[in-house]
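Asks: Data file input-v3.cif (mmCIF, C-alpha atoms) is appended below.
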data_data
#
loop_
_atom_site.group_PDB
_atom_site.id
_atom_site.type_symbol
_atom_site.label_atom_id
_atom_site.label_comp_id
_atom_site.auth_asym_id
_atom_site.auth_seq_id
_atom_site.Cartn_x
_atom_site.Cartn_y
_atom_site.Cartn_z
ATOM 1 C CA MET A 1 94.376 -16.826 8.983
ATOM 2 C CA ALA A 2 95.301 -16.728 5.329
ATOM 3 C CA SER A 3 92.759 -17.742 2.725
ATOM 4 C CA GLN A 4 92.898 -21.361 1.547
ATOM 5 C CA GLU A 5 91.276 -20.473 -1.747
ATOM 6 C CA GLY A 6 93.470 -20.772 -4.814
ATOM 7 C CA LYS A 7 93.390 -17.360 -6.469
ATOM 8 C CA TYR A 8 96.860 -16.536 -7.879
ATOM 9 C CA ASN A 9 98.074 -18.076 -11.124
ATOM 10 C CA ILE A 10 101.765 -18.790 -11.593
ATOM 11 C CA LYS A 11 102.354 -15.631 -13.631
ATOM 12 C CA ALA A 12 100.872 -13.472 -10.882
ATOM 13 C CA VAL A 13 102.961 -15.188 -8.199
ATOM 14 C CA SER A 14 106.097 -14.820 -10.301
ATOM 15 C CA LYS A 15 105.515 -11.088 -10.740
ATOM 16 C CA MET A 16 104.398 -10.544 -7.160
ATOM 17 C CA LEU A 17 107.401 -12.215 -5.532
ATOM 18 C CA GLY A 18 110.067 -11.750 -8.198
ATOM 19 C CA ILE A 19 110.664 -15.478 -8.713
ATOM 20 C CA GLN A 20 110.844 -17.335 -12.012
ATOM 21 C CA ALA A 21 107.825 -19.465 -12.918
ATOM 22 C CA GLY A 22 110.223 -22.301 -13.792
ATOM 23 C CA THR A 23 111.618 -22.214 -10.265
ATOM 24 C CA LEU A 24 108.134 -22.552 -8.808
ATOM 25 C CA ARG A 25 107.440 -25.542 -11.055
ATOM 26 C CA ALA A 26 110.717 -27.158 -10.032
ATOM 27 C CA TRP A 27 109.942 -26.689 -6.335
ATOM 28 C CA GLU A 28 106.537 -28.255 -6.877
ATOM 29 C CA ARG A 29 108.086 -31.299 -8.581
ATOM 30 C CA ARG A 30 110.785 -31.853 -5.976
ATOM 31 C CA TYR A 31 109.100 -30.862 -2.720
ATOM 32 C CA SER A 32 105.602 -31.596 -1.501
ATOM 33 C CA ILE A 33 105.575 -28.475 0.640
ATOM 34 C CA ILE A 34 104.016 -26.441 -2.191
ATOM 35 C CA GLU A 35 101.228 -28.188 -4.095
ATOM 36 C CA PRO A 36 98.934 -25.651 -5.770
ATOM 37 C CA LYS A 37 95.572 -26.908 -6.927
ATOM 38 C CA ARG A 38 94.620 -26.606 -10.568
ATOM 39 C CA ASN A 39 91.500 -25.138 -12.107
ATOM 40 C CA GLU A 40 89.416 -26.770 -14.806
ATOM 41 C CA ALA A 41 91.818 -25.542 -17.469
ATOM 42 C CA GLY A 42 94.728 -27.184 -15.656
ATOM 43 C CA HIS A 43 96.340 -23.945 -14.493
ATOM 44 C CA ARG A 44 97.995 -23.774 -11.078
ATOM 45 C CA LEU A 45 96.229 -21.632 -8.471
ATOM 46 C CA TYR A 46 98.208 -20.572 -5.404
ATOM 47 C CA THR A 47 96.644 -19.646 -2.054
ATOM 48 C CA ASP A 48 97.683 -16.940 0.414
ATOM 49 C CA GLU A 49 99.288 -19.721 2.461
ATOM 50 C CA HIS A 50 101.416 -20.736 -0.527
ATOM 51 C CA ILE A 51 102.506 -17.105 -0.943
ATOM 52 C CA TYR A 52 103.666 -16.888 2.666
ATOM 53 C CA ILE A 53 105.559 -20.189 2.390
ATOM 54 C CA ILE A 54 107.293 -19.200 -0.849
ATOM 55 C CA LYS A 55 108.304 -15.842 0.630
ATOM 56 C CA TRP A 56 109.674 -17.626 3.712
ATOM 57 C CA LEU A 57 111.691 -20.046 1.564
ATOM 58 C CA MET A 58 113.021 -17.197 -0.592
ATOM 59 C CA ASN A 59 114.133 -15.337 2.533
ATOM 60 C CA LYS A 60 116.064 -18.384 3.784
ATOM 61 C CA ILE A 61 117.764 -18.781 0.396
ATOM 62 C CA LYS A 62 118.676 -15.081 0.458
ATOM 63 C CA HIS A 63 120.458 -15.713 3.771
ATOM 64 C CA GLY A 64 122.578 -18.596 2.446
ATOM 65 C CA PHE A 65 120.397 -21.704 2.678
ATOM 66 C CA THR A 66 119.887 -24.017 -0.276
ATOM 67 C CA ILE A 67 116.263 -24.723 -1.168
ATOM 68 C CA SER A 68 116.550 -28.286 0.161
ATOM 69 C CA GLN A 69 117.960 -26.985 3.463
ATOM 70 C CA ALA A 70 115.178 -24.417 3.727
ATOM 71 C CA VAL A 71 112.517 -27.063 3.093
ATOM 72 C CA ASP A 72 114.152 -29.367 5.632
ATOM 73 C CA LEU A 73 114.191 -26.541 8.178
ATOM 74 C CA LEU A 74 110.529 -25.930 7.516
ATOM 75 C CA GLU A 75 109.551 -29.586 7.838
ATOM 76 C CA HIS A 76 111.757 -30.940 10.602
ATOM 77 C CA HIS A 77 112.968 -28.155 12.876
ATOM 78 C CA GLY A 78 109.805 -26.766 14.364
ATOM 79 C CA ASN A 79 108.915 -24.168 11.761
ATOM 80 C CA LYS A 80 105.354 -25.293 11.165
ATOM 81 C CA ILE A 81 103.456 -24.004 8.170
ATOM 82 C CA SER A 82 100.623 -22.676 10.291
ATOM 83 C CA GLN A 83 103.103 -20.721 12.407
ATOM 84 C CA ILE A 84 104.683 -19.161 9.315
ATOM 85 C CA VAL A 85 101.292 -18.148 7.956
ATOM 86 C CA VAL A 86 100.253 -16.583 11.266
ATOM 87 C CA GLU A 87 103.598 -14.765 11.597
ATOM 88 C CA SER A 88 103.482 -13.499 8.022
ATOM 89 C CA SER A 89 99.862 -12.414 8.283
ATOM 90 C CA GLY A 90 100.520 -10.753 11.614
ATOM 91 C CA GLN A 91 103.559 -8.911 10.283
ATOM 92 C CA LYS A 92 101.502 -7.556 7.396
ATOM 93 C CA ASP A 93 98.751 -6.473 9.802
ATOM 94 C CA VAL A 94 101.261 -4.683 12.049
ATOM 95 C CA ALA A 95 102.777 -2.855 9.066
ATOM 96 C CA MET A 96 99.316 -1.705 7.960
ATOM 97 C CA GLN A 97 98.501 -0.623 11.514
ATOM 98 C CA LEU A 98 101.707 1.422 11.746
ATOM 99 C CA SER A 99 100.962 3.033 8.395
ATOM 100 C CA ASP A 100 97.497 4.022 9.647
ATOM 101 C CA GLU A 101 98.939 5.363 12.918
ATOM 102 C CA LEU A 102 101.529 7.406 11.067
ATOM 103 C CA LEU A 103 98.860 8.812 8.763
ATOM 104 C CA SER A 104 96.698 9.778 11.741
ATOM 105 C CA ALA A 105 99.629 11.512 13.437
ATOM 106 C CA LEU A 106 100.580 13.460 10.323
ATOM 107 C CA MET A 107 97.011 14.479 9.571
ATOM 108 C CA SER A 108 96.722 15.906 13.108
ATOM 109 C CA PHE A 109 100.127 17.642 12.803
ATOM 110 C CA ASN A 110 101.445 15.563 15.732
ATOM 111 C CA GLU A 111 105.173 15.367 15.039
ATOM 112 C CA ARG A 112 106.014 13.697 18.359
ATOM 113 C CA LYS A 113 103.581 10.866 17.689
ATOM 114 C CA ALA A 114 104.768 10.517 14.080
ATOM 115 C CA LYS A 115 108.382 10.171 15.227
ATOM 116 C CA GLU A 116 107.362 7.560 17.797
ATOM 117 C CA VAL A 117 105.547 5.515 15.141
ATOM 118 C CA MET A 118 108.537 5.714 12.798
ATOM 119 C CA ASP A 119 110.868 4.563 15.589
ATOM 120 C CA ARG A 120 108.623 1.569 16.264
ATOM 121 C CA ALA A 121 108.504 0.716 12.570
ATOM 122 C CA PHE A 122 112.301 0.699 12.245
ATOM 123 C CA SER A 123 112.654 -1.384 15.405
ATOM 124 C CA LEU A 124 110.303 -4.053 14.037
ATOM 125 C CA PHE A 125 111.065 -4.195 10.308
ATOM 126 C CA THR A 126 113.856 -3.859 7.798
ATOM 127 C CA LEU A 127 114.553 -0.570 6.058
ATOM 128 C CA GLU A 128 113.153 -2.020 2.832
ATOM 129 C CA LYS A 129 109.892 -3.103 4.448
ATOM 130 C CA VAL A 130 109.393 0.241 6.163
ATOM 131 C CA THR A 131 110.049 2.030 2.885
ATOM 132 C CA ILE A 132 107.800 -0.063 0.651
ATOM 133 C CA ASP A 133 105.054 -1.431 2.919
ATOM 134 C CA ILE A 134 104.622 1.438 5.382
ATOM 135 C CA LEU A 135 105.790 4.619 3.656
ATOM 136 C CA GLY A 136 104.647 3.356 0.258
ATOM 137 C CA SER A 137 101.226 2.517 1.631
ATOM 138 C CA LEU A 138 101.069 5.918 3.297
ATOM 139 C CA LEU A 139 101.972 7.610 0.018
ATOM 140 C CA VAL A 140 98.981 6.034 -1.717
ATOM 141 C CA LYS A 141 96.624 6.993 1.107
ATOM 142 C CA VAL A 142 97.775 10.618 1.248
ATOM 143 C CA GLY A 143 97.572 10.902 -2.537
ATOM 144 C CA ASP A 144 94.048 9.485 -2.612
ATOM 145 C CA MET A 145 92.885 11.742 0.210
ATOM 146 C CA TRP A 146 94.289 14.834 -1.495
ATOM 147 C CA GLU A 147 92.861 13.864 -4.897
ATOM 148 C CA ASN A 148 89.414 13.360 -3.341
ATOM 149 C CA GLN A 149 89.686 16.647 -1.419
ATOM 150 C CA LYS A 150 89.514 14.899 1.946
ATOM 151 C CA ILE A 151 92.602 16.763 3.164
ATOM 152 C CA THR A 152 93.971 20.226 2.484
ATOM 153 C CA VAL A 153 97.133 21.154 0.623
ATOM 154 C CA ALA A 154 98.550 22.079 4.030
ATOM 155 C CA HIS A 155 98.043 18.507 5.307
ATOM 156 C CA GLU A 156 99.654 17.051 2.197
ATOM 157 C CA HIS A 157 102.621 19.418 2.421
ATOM 158 C CA TYR A 158 103.113 18.724 6.133
ATOM 159 C CA ALA A 159 103.138 14.958 5.539
ATOM 160 C CA SER A 160 105.541 15.411 2.627
ATOM 161 C CA SER A 161 107.852 17.624 4.676
ATOM 162 C CA PHE A 162 107.999 15.155 7.558
ATOM 163 C CA LEU A 163 108.623 12.131 5.353
ATOM 164 C CA LYS A 164 111.109 14.023 3.191
ATOM 165 C CA GLY A 165 113.162 14.784 6.283
ATOM 166 C CA LYS A 166 113.059 11.167 7.487
ATOM 167 C CA ILE A 167 113.940 9.720 4.090
ATOM 168 C CA GLY A 168 116.692 12.304 3.605
ATOM 169 C CA ASN A 169 118.332 11.309 6.891
ATOM 170 C CA ILE A 170 118.227 7.647 5.910
ATOM 171 C CA MET A 171 119.681 8.272 2.451
ATOM 172 C CA PHE A 172 122.521 10.359 3.871
ATOM 173 C CA HIS A 173 123.936 7.333 5.695
ATOM 174 C CA LEU A 174 123.644 4.822 2.833
ATOM 175 C CA PRO A 175 126.894 3.950 0.997
ATOM 176 C CA VAL A 176 127.347 4.602 -2.737
ATOM 177 C CA ASP A 177 128.694 1.992 -5.145
ATOM 178 C CA SER A 178 131.059 3.835 -7.471
ATOM 179 C CA TYR A 179 130.688 1.116 -10.108
ATOM 180 C CA LEU A 180 126.994 1.859 -10.589
ATOM 181 C CA PRO A 181 125.902 4.613 -13.004
ATOM 182 C CA ARG A 182 124.930 8.052 -11.729
ATOM 183 C CA VAL A 183 121.226 8.860 -11.594
ATOM 184 C CA ILE A 184 119.105 12.009 -11.683
ATOM 185 C CA ALA A 185 115.648 11.962 -10.054
ATOM 186 C CA VAL A 186 113.178 14.752 -10.784
ATOM 187 C CA CYS A 187 109.442 15.452 -10.575
ATOM 188 C CA GLY A 188 107.474 16.009 -13.769
ATOM 189 C CA LEU A 189 106.500 19.434 -15.035
ATOM 190 C CA LYS A 190 104.271 21.405 -12.636
ATOM 191 C CA GLU A 191 104.416 18.533 -10.119
ATOM 192 C CA THR A 192 104.560 19.527 -6.463
ATOM 193 C CA HIS A 193 104.153 16.054 -4.922
ATOM 194 C CA GLU A 194 107.516 14.501 -4.084
ATOM 195 C CA LEU A 195 106.696 11.528 -1.831
ATOM 196 C CA GLY A 196 106.661 8.945 -4.626
ATOM 197 C CA LEU A 197 109.953 10.187 -6.057
ATOM 198 C CA LEU A 198 111.507 10.240 -2.581
ATOM 199 C CA ILE A 199 110.570 6.638 -1.918
ATOM 200 C CA PHE A 200 111.911 5.573 -5.302
ATOM 201 C CA THR A 201 115.121 7.545 -4.667
ATOM 202 C CA LEU A 202 115.532 5.753 -1.332
ATOM 203 C CA TYR A 203 115.067 2.445 -3.156
ATOM 204 C CA LEU A 204 117.863 3.436 -5.571
ATOM 205 C CA ARG A 205 120.146 4.548 -2.748
ATOM 206 C CA GLN A 206 119.626 1.200 -1.015
ATOM 207 C CA LYS A 207 120.853 -0.398 -4.230
ATOM 208 C CA GLY A 208 124.001 1.721 -4.039
ATOM 209 C CA PHE A 209 123.207 4.241 -6.793
ATOM 210 C CA GLU A 210 124.477 7.795 -6.474
ATOM 211 C CA VAL A 211 121.304 9.819 -6.979
ATOM 212 C CA ILE A 212 121.218 13.540 -7.732
ATOM 213 C CA TYR A 213 117.799 14.364 -6.317
ATOM 214 C CA LEU A 214 116.326 17.496 -7.910
ATOM 215 C CA GLY A 215 112.740 17.184 -6.673
ATOM 216 C CA GLU A 216 109.996 19.471 -7.942
ATOM 217 C CA GLY A 217 109.928 22.796 -9.763
ATOM 218 C CA ILE A 218 112.861 22.209 -12.129
ATOM 219 C CA PRO A 219 112.527 24.084 -15.477
ATOM 220 C CA PRO A 220 113.372 22.019 -18.593
ATOM 221 C CA GLU A 221 116.361 24.216 -19.465
ATOM 222 C CA ASP A 222 117.816 23.729 -15.977
ATOM 223 C CA LEU A 223 117.467 19.959 -16.260
ATOM 224 C CA ASP A 224 119.368 20.050 -19.551
ATOM 225 C CA THR A 225 122.148 21.986 -17.848
ATOM 226 C CA VAL A 226 122.383 19.490 -14.979
ATOM 227 C CA ILE A 227 122.410 16.530 -17.377
ATOM 228 C CA ARG A 228 125.322 18.042 -19.313
ATOM 229 C CA GLU A 229 127.258 18.749 -16.111
ATOM 230 C CA VAL A 230 126.567 15.462 -14.320
ATOM 231 C CA ASP A 231 126.525 13.126 -17.351
ATOM 232 C CA PRO A 232 124.166 10.585 -15.730
ATOM 233 C CA LYS A 233 123.294 7.266 -17.344
ATOM 234 C CA LEU A 234 119.770 7.181 -15.905
ATOM 235 C CA LEU A 235 117.054 9.809 -15.502
ATOM 236 C CA PHE A 236 113.936 9.051 -13.468
ATOM 237 C CA VAL A 237 110.848 11.251 -13.676
ATOM 238 C CA SER A 238 107.821 10.994 -11.384
ATOM 239 C CA CYS A 239 104.294 12.135 -12.259
ATOM 240 C CA THR A 240 101.456 11.960 -9.737
ATOM 241 C CA ILE A 241 98.709 14.193 -11.118
ATOM 242 C CA GLU A 242 96.738 13.287 -14.253
ATOM 243 C CA GLU A 243 96.639 16.823 -15.655
ATOM 244 C CA HIS A 244 100.445 16.967 -15.674
ATOM 245 C CA LEU A 245 100.929 13.749 -17.640
ATOM 246 C CA LEU A 246 100.850 15.157 -21.163
ATOM 247 C CA SER A 247 103.324 17.973 -20.501
ATOM 248 C CA THR A 248 105.599 15.596 -18.581
ATOM 249 C CA VAL A 249 105.626 13.025 -21.391
ATOM 250 C CA GLU A 250 106.411 15.761 -23.915
ATOM 251 C CA TRP A 251 109.203 16.975 -21.642
ATOM 252 C CA ILE A 252 110.663 13.467 -21.423
ATOM 253 C CA GLU A 253 110.434 13.101 -25.176
ATOM 254 C CA GLN A 254 112.432 16.308 -25.655
ATOM 255 C CA ALA A 255 115.010 15.188 -23.072
ATOM 256 C CA ALA A 256 115.442 11.889 -24.944
ATOM 257 C CA TYR A 257 115.943 13.789 -28.177
ATOM 258 C CA ASN A 258 118.505 16.147 -26.604
ATOM 259 C CA HIS A 259 120.367 13.317 -24.813
ATOM 260 C CA PRO A 260 120.021 10.154 -26.918
ATOM 261 C CA SER A 261 122.361 8.045 -24.772
ATOM 262 C CA LEU A 262 120.339 8.693 -21.606
ATOM 263 C CA GLN A 263 118.203 5.875 -20.182
ATOM 264 C CA ILE A 264 114.897 7.362 -19.017
ATOM 265 C CA GLY A 265 112.365 5.896 -16.596
ATOM 266 C CA LEU A 266 108.878 7.222 -15.850
ATOM 267 C CA GLY A 267 106.969 6.322 -12.700
ATOM 268 C CA GLY A 268 104.363 7.661 -10.305
ATOM 269 C CA LEU A 269 100.718 7.179 -9.462
ATOM 270 C CA GLY A 270 99.659 9.340 -12.396
ATOM 271 C CA LEU A 271 100.635 6.613 -14.843
ATOM 272 C CA GLU A 272 97.380 4.792 -14.181
ATOM 273 C CA TYR A 273 95.646 7.524 -16.183
ATOM 274 C CA LEU A 274 97.694 6.896 -19.334
ATOM 275 C CA SER A 275 95.764 5.507 -22.273
ATOM 276 C CA ASN A 276 96.662 2.041 -23.515
ATOM 277 C CA ASP A 277 98.064 3.549 -26.714
ATOM 278 C CA ILE A 278 100.415 5.825 -24.778
ATOM 279 C CA LYS A 279 101.425 2.981 -22.447
ATOM 280 C CA THR A 280 102.277 0.836 -25.455
ATOM 281 C CA LYS A 281 104.267 3.622 -27.104
ATOM 282 C CA PHE A 282 106.282 4.331 -23.972
ATOM 283 C CA LYS A 283 106.393 0.821 -22.495
ATOM 284 C CA ASP A 284 110.215 0.800 -22.452
ATOM 285 C CA ILE A 285 110.392 3.763 -20.066
ATOM 286 C CA ILE A 286 107.512 2.966 -17.700
ATOM 287 C CA ILE A 287 109.074 1.553 -14.537
ATOM 288 C CA GLY A 288 105.854 0.669 -12.694
ATOM 289 C CA ASN A 289 104.916 1.339 -9.075
ATOM 290 C CA THR A 290 106.024 -1.817 -7.226
ATOM 291 C CA LYS A 291 109.439 -2.958 -6.034
ATOM 292 C CA THR A 292 109.247 -6.045 -8.247
ATOM 293 C CA GLU A 293 108.591 -3.886 -11.303
ATOM 294 C CA TRP A 294 111.429 -1.546 -10.315
ATOM 295 C CA ASP A 295 113.821 -4.471 -9.878
ATOM 296 C CA GLN A 296 112.937 -5.868 -13.278
ATOM 297 C CA TRP A 297 113.285 -2.510 -15.044
ATOM 298 C CA ILE A 298 116.646 -1.674 -13.427
ATOM 299 C CA HIS A 299 118.016 -5.158 -14.067
ATOM 300 C CA GLN A 300 117.066 -4.979 -17.733
ATOM 301 C CA LYS A 301 118.553 -1.523 -18.250
ATOM 302 C CA LEU A 302 121.822 -2.430 -16.553
ATOM 303 C CA LYS A 303 122.134 -5.425 -18.868
ATOM 304 C CA GLU A 304 121.726 -3.306 -21.960
ATOM 305 C CA GLU A 305 125.072 -1.999 -23.162
ATOM 306 C CA LYS A 306 123.446 0.169 -25.777
ATOM 307 C CA ARG A 307 119.821 0.804 -26.644
ATOM 308 C CA PRO A 308 118.196 2.233 -29.759
ATOM 309 C CA PRO A 309 116.711 5.716 -29.354
ATOM 310 C CA LEU A 310 113.331 5.742 -27.610
ATOM 311 C CA TRP A 311 112.057 8.287 -30.062
ATOM 312 C CA SER A 312 112.871 8.872 -33.689
ATOM 313 C CA GLN A 313 114.870 11.931 -34.641
ATOM 314 C CA LYS A 314 112.628 14.922 -35.302
#
So that I can check it, write out the structure of this file as structure tokens.

Replies:
Amino acid sequence: MASQEGKYNIKAVSKMLGIQAGTLRAWERRYSIIEPKRNEAGHRLYTDEHIYIIKWLMNKIKHGFTISQAVDLLEHHGNKISQIVVESSGQKDVAMQLSDELLSALMSFNERKAKEVMDRAFSLFTLEKVTIDILGSLLVKVGDMWENQKITVAHEHYASSFLKGKIGNIMFHLPVDSYLPRVIAVCGLKETHELGLLIFTLYLRQKGFEVIYLGEGIPPEDLDTVIREVDPKLLFVSCTIEEHLLSTVEWIEQAAYNHPSLQIGLGGLGLEYLSNDIKTKFKDIIIGNTKTEWDQWIHQKLKEEKRPPLWSQK
């Protein structure tokens, strides 16, 4: 059962679920279904149960219900709050279990078992949930295990190869929206870990973007050539390893100088090692590591008709 302790403030909930804080306040005023307690300072504190309910309401709205209809459905048509919480908690537990099973299969080089787990995941959940909650979770685990020398390079490469093949097959069948700008996705300098970039590329393809996926091992001069030939509007670079951060940032800086009209985004698990000064300097290009952060970054960049250069002319 979900925790009944209020532990998320309204800003955290807004960022976590991708919903405006003003919308949450309005729902609280109009409907008694969500009534967060307040701390001594008067700030709202939401529980895990509130999170599940808000996500359920948002899902109904996404499928055509008004908020009042969704609340009515929740209150009067058998969808009890406790049932929603149990279902939501259970779904999360199943996703985590599948991620663990897939990791175990890949770490034992058991392709048959890995395929069976993937088939179960796609039969139970949406493509988006499998990508973010299962494959994304697996990405973090594999990265941590490799960083802490708990697995060999061979294990990491095998997992990457398997997931790359699965994600590639999925992307091949996704339609492209010709009205969206073209995108290039590439790993940072000296990077050999592609899983994070692959998952982000799949996220972009789900949105309808045409993505030219270059992967790892691309020399700077080759990237310049591809940019001139393709004329993309967006370039996404992934960096996973701390020791590659500095050279990757310098590479991005040079790319921005050479192609001033190009929108550049930087992501990957390695970003957590950036100093606060560097994060502040490059805050406009850091896309984050969650779907909510990605959504916000993409939405903002698509709204901008023209941006000032990220770096001053040298």

Asks: Any idea what the distance is between atom CA of Gly143 of chain A and atom CA of Val117 of chain A?

Replies: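 Taking atom CA of Gly143 of chain A as the start and atom CA of Val117 of chain A as the end point, the length is 20.1 Å.
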
Asks: Would you pick out the contacts of segment 233-248 of chain A at 6 Å or less, using all atoms listed in the file, so that residues sharing its chain but fewer than 2 positions from it are not included, and give the list as number ranges by chain?

Replies: A: 181-189, 197, 250-251, 262-270

Asks: Given the PyMOL selection byres ((chain A and resi 139-141) around 12) and the file above, list the residues it selects as a ChimeraX atom specification.

Replies: /A:96,99-100,102-104,106-107,131-138,142-148,150-151,156,159-160,163-164,193-200,240,268-270,289-290

Asks: Output C-alpha atoms for every residue in that selection, as a PDB file, in the coordinates of the input.

Replies:
ATOM      1  CA  MET A  96      99.316  -1.705   7.960  1.00  0.00           C
ATOM      2  CA  SER A  99     100.962   3.033   8.395  1.00  0.00           C
ATOM      3  CA  ASP A 100      97.497   4.022   9.647  1.00  0.00           C
ATOM      4  CA  LEU A 102     101.529   7.406  11.067  1.00  0.00           C
ATOM      5  CA  LEU A 103      98.860   8.812   8.763  1.00  0.00           C
ATOM      6  CA  SER A 104      96.698   9.778  11.741  1.00  0.00           C
ATOM      7  CA  LEU A 106     100.580  13.460  10.323  1.00  0.00           C
ATOM      8  CA  MET A 107      97.011  14.479   9.571  1.00  0.00           C
ATOM      9  CA  THR A 131     110.049   2.030   2.885  1.00  0.00           C
ATOM     10  CA  ILE A 132     107.800  -0.063   0.651  1.00  0.00           C
ATOM     11  CA  ASP A 133     105.054  -1.431   2.919  1.00  0.00           C
ATOM     12  CA  ILE A 134     104.622   1.438   5.382  1.00  0.00           C
ATOM     13  CA  LEU A 135     105.790   4.619   3.656  1.00  0.00           C
ATOM     14  CA  GLY A 136     104.647   3.356   0.258  1.00  0.00           C
ATOM     15  CA  SER A 137     101.226   2.517   1.631  1.00  0.00           C
ATOM     16  CA  LEU A 138     101.069   5.918   3.297  1.00  0.00           C
ATOM     17  CA  VAL A 142      97.775  10.618   1.248  1.00  0.00           C
ATOM     18  CA  GLY A 143      97.572  10.902  -2.537  1.00  0.00           C
ATOM     19  CA  ASP A 144      94.048   9.485  -2.612  1.00  0.00           C
ATOM     20  CA  MET A 145      92.885  11.742   0.210  1.00  0.00           C
ATOM     21  CA  TRP A 146      94.289  14.834  -1.495  1.00  0.00           C
ATOM     22  CA  GLU A 147      92.861  13.864  -4.897  1.00  0.00           C
ATOM     23  CA  ASN A 148      89.414  13.360  -3.341  1.00  0.00           C
ATOM     24  CA  LYS A 150      89.514  14.899   1.946  1.00  0.00           C
ATOM     25  CA  ILE A 151      92.602  16.763   3.164  1.00  0.00           C
ATOM     26  CA  GLU A 156      99.654  17.051   2.197  1.00  0.00           C
ATOM     27  CA  ALA A 159     103.138  14.958   5.539  1.00  0.00           C
ATOM     28  CA  SER A 160     105.541  15.411   2.627  1.00  0.00           C
ATOM     29  CA  LEU A 163     108.623  12.131   5.353  1.00  0.00           C
ATOM     30  CA  LYS A 164     111.109  14.023   3.191  1.00  0.00           C
ATOM     31  CA  HIS A 193     104.153  16.054  -4.922  1.00  0.00           C
ATOM     32  CA  GLU A 194     107.516  14.501  -4.084  1.00  0.00           C
ATOM     33  CA  LEU A 195     106.696  11.528  -1.831  1.00  0.00           C
ATOM     34  CA  GLY A 196     106.661   8.945  -4.626  1.00  0.00           C
ATOM     35  CA  LEU A 197     109.953  10.187  -6.057  1.00  0.00           C
ATOM     36  CA  LEU A 198     111.507  10.240  -2.581  1.00  0.00           C
ATOM     37  CA  ILE A 199     110.570   6.638  -1.918  1.00  0.00           C
ATOM     38  CA  PHE A 200     111.911   5.573  -5.302  1.00  0.00           C
ATOM     39  CA  THR A 240     101.456  11.960  -9.737  1.00  0.00           C
ATOM     40  CA  GLY A 268     104.363   7.661 -10.305  1.00  0.00           C
ATOM     41  CA  LEU A 269     100.718   7.179  -9.462  1.00  0.00           C
ATOM     42  CA  GLY A 270      99.659   9.340 -12.396  1.00  0.00           C
ATOM     43  CA  ASN A 289     104.916   1.339  -9.075  1.00  0.00           C
ATOM     44  CA  THR A 290     106.024  -1.817  -7.226  1.00  0.00           C
TER      45      THR A 290
END

Asks: Find the residue from A:Leu17, A:Val94, A:Ile170, A:Arg38 that sits nearest to Asn59 of chain A; use all atoms listed in the file when measuring.

Replies: A:Leu17

Asks: I'd like the interatomic distance between atom CA of Thr192 of chain A and atom CA of Asn276 of chain A, to a tenth of an Å.

Replies: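 Pair atom CA of Thr192 of chain A / atom CA of Asn276 of chain A returns 25.7 Å.
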
Asks: With distances taken over only C-alpha atoms, which residue among A:Leu174, A:Ala121, A:Val130, A:Ile285 lies nearest Glu210 of chain A?

Replies: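 Result for the nearest residue to Glu210 of chain A: A:Leu174.
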
Asks: For the structure provided, state which residues fall under the PyMOL selection byres ((chain A and resi 66-70) around 12), and present them as a PyMOL selection string.

Replies: chain A and resi 23-24+26-28+30-33+53-65+71-77+79

Asks: Now that the selection is made, can you save its residues with C-alpha atoms as a short mmCIF file (atom, residue, chain, number, x, y, z; two decimals), in the coordinates of the input?

Replies:
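The new file again05.cif reads:
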data_model
loop_
_atom_site.label_atom_id
_atom_site.label_comp_id
_atom_site.auth_asym_id
_atom_site.auth_seq_id
_atom_site.Cartn_x
_atom_site.Cartn_y
_atom_site.Cartn_z
CA THR A 23 111.62 -22.21 -10.26
CA LEU A 24 108.13 -22.55 -8.81
CA ALA A 26 110.72 -27.16 -10.03
CA TRP A 27 109.94 -26.69 -6.34
CA GLU A 28 106.54 -28.26 -6.88
CA ARG A 30 110.78 -31.85 -5.98
CA TYR A 31 109.10 -30.86 -2.72
CA SER A 32 105.60 -31.60 -1.50
CA ILE A 33 105.58 -28.48 0.64
CA ILE A 53 105.56 -20.19 2.39
CA ILE A 54 107.29 -19.20 -0.85
CA LYS A 55 108.30 -15.84 0.63
CA TRP A 56 109.67 -17.63 3.71
CA LEU A 57 111.69 -20.05 1.56
CA MET A 58 113.02 -17.20 -0.59
CA ASN A 59 114.13 -15.34 2.53
CA LYS A 60 116.06 -18.38 3.78
CA ILE A 61 117.76 -18.78 0.40
CA LYS A 62 118.68 -15.08 0.46
CA HIS A 63 120.46 -15.71 3.77
CA GLY A 64 122.58 -18.60 2.45
CA PHE A 65 120.40 -21.70 2.68
CA VAL A 71 112.52 -27.06 3.09
CA ASP A 72 114.15 -29.37 5.63
CA LEU A 73 114.19 -26.54 8.18
CA LEU A 74 110.53 -25.93 7.52
CA GLU A 75 109.55 -29.59 7.84
CA HIS A 76 111.76 -30.94 10.60
CA HIS A 77 112.97 -28.16 12.88
CA ASN A 79 108.92 -24.17 11.76
#

Asks: Evaluate the PyMOL selection byres ((chain A and resi 14) around 12) against this structure - the residues, as a count of residues only, please.

Replies: 24

Asks: Quick one: of A:Lys115, A:Arg205, A:His155, A:Lys166, who's nearest to Ser178 of chain A, counting only C-alpha atoms?

Replies: A:Arg205

Asks: Within 9 Å of (109.2, 5.3, -22.0) (file coordinates; all atoms listed in the file), which protein or nucleic acid residues are there? I'd like them as a list in words.

Replies: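 Those residues lying close to the given coordinates are Val249, Ile252, Glu253, Ile264, Gly265, Leu266, Lys279, Thr280, Lys281, Phe282, Lys283, Asp284, Ile285, Ile286, Ile287 and Leu310 of chain A.
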
Asks: How many Å separate atom CA of Gln254 of chain A from atom CA of Val226 of chain A?

Replies: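 Here the two named atoms are 14.9 Å from each other.
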
Asks: With distances taken over all atoms listed in the file, which of A:Gly288, A:Lys301, A:Leu98, A:Ile212 is nearest to Leu271 of chain A?

Replies: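 The answer is A:Gly288, which sits nearest to Leu271 of chain A.
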